[in-house]
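Have a look at the structure below before the remarks.
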4 protein chains.
Amino acid sequence: MDRNIQVSRLDRQAVEDQEVEIVERKGIGHPDSICDGVAESVSRALSQLYLDRVGKVLHYNTDETQLVAGRAAPAFGGGEVVEPIYILIVGRATKEYDGEQLPVDSTALAAARDYLSEAIPELEYGTDVVVDVKLGEGSGDLQDVFGEETQEVPMANDTSFGVGHAPLTETETIVREAERALNGPYHDDHPELGPDVKIMGKREGDRIDITVAAAMVDAYVDGLDDYDDAVASVREYVDDLAREHTDREVHVDVNTADDYDEGSVYLTVTGTSAEQGDDGSVGRGNRANGLITPNRPMSMEATSGKNPVNHIGKIYNLLSTRVAESVTEEVDGIRDLQVRLLSQIGRPIDEPHVADAQIVTEDGVELGDIEADVLAIVDRELADVTDVTRSVIEGDVSTF
Amino acid sequence: MDRNIQVSRLDRQAVEDQEVEIVERKGIGHPDSICDGVAESVSRALSQLYLDRVGKVLHYNTDETQLVAGRAAPAFGGGEVVEPIYILIVGRATKEYDGEQLPVDSTALAAARDYLSEAIPELEYGTDVVVDVKLGEGSGDLQDVFGEETQEVPMANDTSFGVGHAPLTETETIVREAERALNGPYHDDHPELGPDVKIMGKREGDRIDITVAAAMVDAYVDGLDDYDDAVASVREYVDDLAREHTDREVHVDVNTADDYDEGSVYLTVTGTSAEQGDDGSVGRGNRANGLITPNRPMSMEATSGKNPVNHIGKIYNLLSTRVAESVTEEVDGIRDLQVRLLSQIGRPIDEPHVADAQIVTEDGVELGDIEADVLAIVDRELADVTDVTRSVIEGDVSTF
Amino acid sequence: MDRNIQVSRLDRQAVEDQEVEIVERKGIGHPDSICDGVAESVSRALSQLYLDRVGKVLHYNTDETQLVAGRAAPAFGGGEVVEPIYILIVGRATKEYDGEQLPVDSTALAAARDYLSEAIPELEYGTDVVVDVKLGEGSGDLQDVFGEETQEVPMANDTSFGVGHAPLTETETIVREAERALNGPYHDDHPELGPDVKIMGKREGDRIDITVAAAMVDAYVDGLDDYDDAVASVREYVDDLAREHTDREVHVDVNTADDYDEGSVYLTVTGTSAEQGDDGSVGRGNRANGLITPNRPMSMEATSGKNPVNHIGKIYNLLSTRVAESVTEEVDGIRDLQVRLLSQIGRPIDEPHVADAQIVTEDGVELGDIEADVLAIVDRELADVTDVTRSVIEGDVSTF
Amino acid sequence: MDRNIQVSRLDRQAVEDQEVEIVERKGIGHPDSICDGVAESVSRALSQLYLDRVGKVLHYNTDETQLVAGRAAPAFGGGEVVEPIYILIVGRATKEYDGEQLPVDSTALAAARDYLSEAIPELEYGTDVVVDVKLGEGSGDLQDVFGEETQEVPMANDTSFGVGHAPLTETETIVREAERALNGPYHDDHPELGPDVKIMGKREGDRIDITVAAAMVDAYVDGLDDYDDAVASVREYVDDLAREHTDREVHVDVNTADDYDEGSVYLTVTGTSAEQGDDGSVGRGNRANGLITPNRPMSMEATSGKNPVNHIGKIYNLLSTRVAESVTEEVDGIRDLQVRLLSQIGRPIDEPHVADAQIVTEDGVELGDIEADVLAIVDRELADVTDVTRSVIEGDVSTF
């Protein structure tokens, strides 16, 4: 097989070297991320349901979860949700196969419940949040087979586009790692920090400003002093973390909109702003690599909730990121790499219309020195396209 | 105070002596009863919320729960719900008082969840059933005060009518007690019997036919033989129970619509027909005394979910039943008693426009012999009207 | 065929002769009646759809419409709806037949829209009221055939009960006719009168009190004087109408809860209290004869929205009323007639388990004089049972 | 005032000169665009409502409309919608001001109805599509005043980013103009073309491939030949239009997924794929300039439905586009211009943290030659920022 793979010089500066850089990550408790997370966990659960029941993944698409914000009355020491958040799971799914009814609605609800209880533990399912589901009948069985025994490479049925980058810049790294650490080890020790952590990184030249909006959970915060300590602790933690990733000048701000005199602080009952006025939906936040990066080309495609067997947009966004990461891990001398995959309708998806890897090399490295290696890795990863599907179904890869 | 109480002869035969009698009870797992139960538990929870937060019950009305049936795939040994039941709690409630927001929506959902888990234990909240809530703002505070310290007798703001009867006929007793026993002690020993038990009693002369429709729970039934045993066991149990209450000829049928040859039996996943096609709503089933009795005057008023402080229809239906029961407990010689209360707009509800007690005496008893006693009891119970409200809030009285 | 028809003496006074009588009618604009009307028009539309498309009526049941009240800001000269009324059409319907998809949802919505625009003309569909639909799949085709060419008499599949009465008492007549006239010719000349007219009749001995609650439409009322005139006009009209039907003493009150000093009057934007806080649902209001009559046995069955081909409760309630009316039209000497029909599972519905006609004869008339005539008419009407279905589908009979 | 405006060389090739270019536009009938359009028309209507009633725009945000697809049975000559599309308008709005209730829900529904009837004329409101609304209370009044008399420049309350480009490349121009023309003059003459027109442009070197997916409306298409003619006509029209904008090689394909042998063609009842399985939501489709352009930096911000008075993301996306267009209209010698605006929390929005205009000049033009002119125009447009708000409210600017 001859794949159309092109390796060329990227006709711009590496993002790391640009004068101004902006990066954002909406943490897992952000209303848009909640929708991404619910949609993707519903997707995984449906894939698994189909594999369990009929041995292969059937047609579905669940990339349209809508969240309508609730109302809450937070209070130091513990307030309450007054009006529940409403989440509507929207999509299509195959509800019957070979005469057997498949419990897609119940499965979707159970997946949402389990995901929410893990991601937003303070949110009580069924009272703080009402989840409903509208899954229409899909338009027929999936032609492409992804089963327990066999994985066919599906045909592209749409012109779609995926783009991935590597390596992350320092600012990108800080933004991504800070959110992950805050929602990981930090949270384990600091239950007062809710999962709705939004991080904005802005670099101008060699100064990096990190702005964190962190929802505090009122039950663990006794008063304004306590709150102030909690904010200071986050600031210090992120500051330390940032310095591990850069030698540039770093400034960290947390909850800059607070006004202590007015008693206006970012206090929540459940750890997410969805409890009070912030709506959300799928595909409005982080891209497939977990970041919003206006300095780089991005795909508008909502990755979360899409069927991982044959949705070319989902697969190519995840695959291009994976390709970029593999190349930069294995090949030295790359300062910035952008991988684009463009599908060709009617051809297997491991044979894109064009796969191009555009590179800014490090000083002293010529493109010609690494071109063959890059090409080989791209080719190898394309050949392994069905592994993206498998990783998604098994939950090994994040989509937002 | 001079209450307008009239005691007179009831101008018909006692129902016990009529030629044909029909009685019905929809068990607690019937879709209409589920709605009654949810509406009433939401009402209780709101009363309690208001008492806890502001010391008195505020304006609300939650008598409009709607249930949309789901779809299920029952199977011997255990099937599954395919499409969840949808329950919409509808009504009005005061959401803010004295600047404080009151969590009426969350409270309503929690009440529904708790009630459902007790009444229909096999029904998993949030996946087998989705509960949503639409409580509009009430039209202002309740003028009538029912607080922790003071209970005012409210004014009637509507012309309304309540009717109660006592004693129950044999057929009524059998129908009511059979459902209670099946959903009580019998169920404790027989988990295969679901709460959706519908009992129809028909008496022609001295023959009583009891027809039971009993939803069996598939997880506890291994096959058709097992099912047949379960049905036979219910039949025998009800037959024994009936004979404790009558010397008439009794015939009991259970699940008469079953067709074993066709494999069509009354098997469910959750123990309620709401899982498969049977919708429900408030006020469509049992009257306030727990029965549907076409031989007797009935009020159309939906009792469940109404505000027990000032909803005159709810109070008078419960009170007239209580009056009738008290009279027949305390006064001998009454074969049939019908108590009617008619409100007078603008007057305290313990001063009805008319309270009449119509009596069929037993042979040898003259109305004049008991009239004074009856009158005194009716007067006493009317004076104690706020106790009805208290009993309802504390959950001591059933409304369906 | 030998039908089990019994004619006997009714063991009570004619309602006309009882000391106290209560009657109520909720007008077509009352929230419960709106639900009845929507449910029944949806039912008619589905019957017609099935007849048009497949030549026979298929399985459906749409007797569960729920109305959630809106909010409005009425004002003399014309106010506005602030938050729309929400109506949810609930039920079951056959959505596919012989490979053809049937537009049951769209048909239901169109029927609701058309009904509402006729019944509540001031209510703008889609902005003042949002109508949604949840029709689950029915549990299979209707076995009983009611087609263009053939009408089979269906088998009773349930033990059900219908009851009808005739003739109406004076009070019943006044209550029913007043609402019809107000919502008919009176409304044509007086657009300020909305369709939400609720009429309560109370007779004590020879005094009849008629209490009318009449929603006025603000666009046609310029101020309080105008409103007062409108109220007075209704009072006078009802007073005149009442006197056509009785020689008893009549008192008419209209909108007794008004308080002009407080500026509290029954003014609406759309002519229905559903616009502001009054929820509604099917089967909570008028019985099949258009009245609520606690002095008479009533069926709890919701008639509106049920499938008229095989829903035994609907058919028997309508049929028993029709039988009672026919008998009293054709046979002289009947002061009060109560017809009860009790189904027998597994038998054709024109062969009820028992049909009894209980009669209070007029003075000087013996039951024996008219027994044979009554029996013959009952028999004839039972034989013609499928005509009830036809009348319902064609909209010739009202169900509430 | 000294605005921080930077003019610099764009460190990449003009998009027009890049080897591969991809552009997409989802037409106004695409499910995502329907949501954008509804959200934006609701936003405009609310702004207007607030201006009319209280003289200034209050707090609201309506950027979360969700569309759940319906089901349809299209047929040559005219099919039907079987299950309606469901649209849920989501957001926040101020519902009361100075004691007056504001009809935000009804206004939102009316705006959606009017927009849909214009944008998707074949879609019958209320039966083919059900629109519901969930607008929560906003978190208080908007501090920034945009009134009839005064327009304050609001403070930035968030770190946000807007990006605009000009001039459009040939491919971008073709894609945008083709959709506009098809949904404009072409549609006027060809009612068979529905508004759901999706156009993908792909340029490789000097070859431009335009792929059109065009929903045909069945009522205007009599059969397969007719359909084939309709497709051919669109192809020819777009081909002609494209050649007006480029001298490159152009290939146009329409409805490439059709399979005439299988009878599988892109036929619809209403002209949008939302009728059959394609869900949609706001902010998932076109960016503020009407295009999806992966070759250029894009903002993830959903522009449609946001409050135009103070939502910095909306304003900066529209303003940066406007700035770019003004500069390229007024200054010669610019081959590609990218304008970025980054807000500074707490500063008036006409004083961004940084406004940079990055330029690829045409051959022979030095940046220094035009820098001063560019700077002056950027400064002027920033000063005029409230005009963006005015244009949005008056509907003079498209947001998708």
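Every chain in the structure tokens has a letter given in the order shown (A, B, ...), and although residue numbers restart at 1 in each chain, ligands are simply numbered from 1 in the order shown.
In plain terms, chain A touches chain D through Asp11, Arg12, Pro294, Asn295, Arg296, Pro297 and Met298 of chain A, where touching means an atom at most 6 Å away, counting only C-alpha atoms.
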Just the residues within 10 Å of range 144-150 of chain C, please, counting only C-alpha atoms, with nothing from its chain fewer than 6 positions along; format it as a ChimeraX atom specification.
/C:47,50-52,54-59,308-310,386,389-390
List every residue of range 235-339 of chain C that DSSP, applied to the backbone of this structure, places in strand (DSSP E), and write the result as a ChimeraX atom specification.
/C:249-254,267-268,280-281,334-339
Residue selection dump (N, CA and C atoms) as an mmCIF file, in the first residue's frame:
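Wrote result_1.cif, looks like this:
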```cif
data_model
loop_
_atom_site.group_PDB
_atom_site.id
_atom_site.type_symbol
_atom_site.label_atom_id
_atom_site.label_comp_id
_atom_site.auth_asym_id
_atom_site.auth_seq_id
_atom_site.Cartn_x
_atom_site.Cartn_y
_atom_site.Cartn_z
ATOM 1 N N GLU C 249 -86.396 28.876 43.417
ATOM 2 C CA GLU C 249 -85.702 30.129 43.700
ATOM 3 C C GLU C 249 -84.262 30.005 43.196
ATOM 4 N N VAL C 250 -83.804 30.993 42.458
ATOM 5 C CA VAL C 250 -82.461 30.907 41.880
ATOM 6 C C VAL C 250 -81.630 32.110 42.311
ATOM 7 N N HIS C 251 -80.413 31.838 42.718
ATOM 8 C CA HIS C 251 -79.458 32.917 43.007
ATOM 9 C C HIS C 251 -78.197 32.649 42.205
ATOM 10 N N VAL C 252 -77.718 33.665 41.538
ATOM 11 C CA VAL C 252 -76.503 33.504 40.725
ATOM 12 C C VAL C 252 -75.412 34.435 41.227
ATOM 13 N N ASP C 253 -74.248 33.896 41.459
ATOM 14 C CA ASP C 253 -73.083 34.703 41.815
ATOM 15 C C ASP C 253 -71.994 34.485 40.775
ATOM 16 N N VAL C 254 -71.307 35.553 40.442
ATOM 17 C CA VAL C 254 -70.220 35.453 39.468
ATOM 18 C C VAL C 254 -68.946 36.041 40.071
ATOM 19 N N LEU C 267 -59.080 38.459 35.888
ATOM 20 C CA LEU C 267 -58.721 38.972 34.575
ATOM 21 C C LEU C 267 -57.595 38.109 34.015
ATOM 22 N N THR C 268 -57.700 37.742 32.753
ATOM 23 C CA THR C 268 -56.680 36.899 32.131
ATOM 24 C C THR C 268 -56.330 37.432 30.750
ATOM 25 N N GLY C 280 -53.323 21.194 35.037
ATOM 26 C CA GLY C 280 -54.471 20.360 34.710
ATOM 27 C C GLY C 280 -54.067 19.010 34.174
ATOM 28 N N SER C 281 -54.989 18.057 34.264
ATOM 29 C CA SER C 281 -54.737 16.798 33.570
ATOM 30 C C SER C 281 -56.040 16.104 33.214
ATOM 31 N N ILE C 334 -90.688 8.181 33.961
ATOM 32 C CA ILE C 334 -89.436 7.917 34.687
ATOM 33 C C ILE C 334 -88.947 9.212 35.319
ATOM 34 N N ARG C 335 -88.804 9.189 36.622
ATOM 35 C CA ARG C 335 -88.312 10.383 37.313
ATOM 36 C C ARG C 335 -86.793 10.351 37.450
ATOM 37 N N ASP C 336 -86.253 9.176 37.552
ATOM 38 C CA ASP C 336 -84.785 9.058 37.659
ATOM 39 C C ASP C 336 -84.390 7.661 37.193
ATOM 40 N N LEU C 337 -83.368 7.634 36.367
ATOM 41 C CA LEU C 337 -82.938 6.349 35.813
ATOM 42 C C LEU C 337 -81.432 6.258 35.896
ATOM 43 N N GLN C 338 -80.990 5.116 36.362
ATOM 44 C CA GLN C 338 -79.546 4.885 36.463
ATOM 45 C C GLN C 338 -79.243 3.594 35.718
ATOM 46 N N VAL C 339 -78.369 3.677 34.741
ATOM 47 C CA VAL C 339 -78.028 2.493 33.951
ATOM 48 C C VAL C 339 -76.586 2.111 34.246
#
```
Measuring atom to atom with only C-alpha atoms, identify which of C:Ile370, C:Val130, C:Ile28, C:Asp240 is nearest to Arg9 in chain C.
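Between C:Ile370, C:Val130, C:Ile28, C:Asp240, the residue approaching Arg9 in chain C most closely is C:Ile370.
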What are the DSSP alpha helix (DSSP H) residues of range 46-154 of chain B, as a ChimeraX atom specification?
/B:46-54,104-119
As an exercise, work out the distance from CA of Glu16 in chain D to CA of Val323 in chain D in Å and give it to one decimal place.
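Computing the Euclidean distance for CA of Glu16 in chain D and CA of Val323 in chain D yields 19.8 Å.
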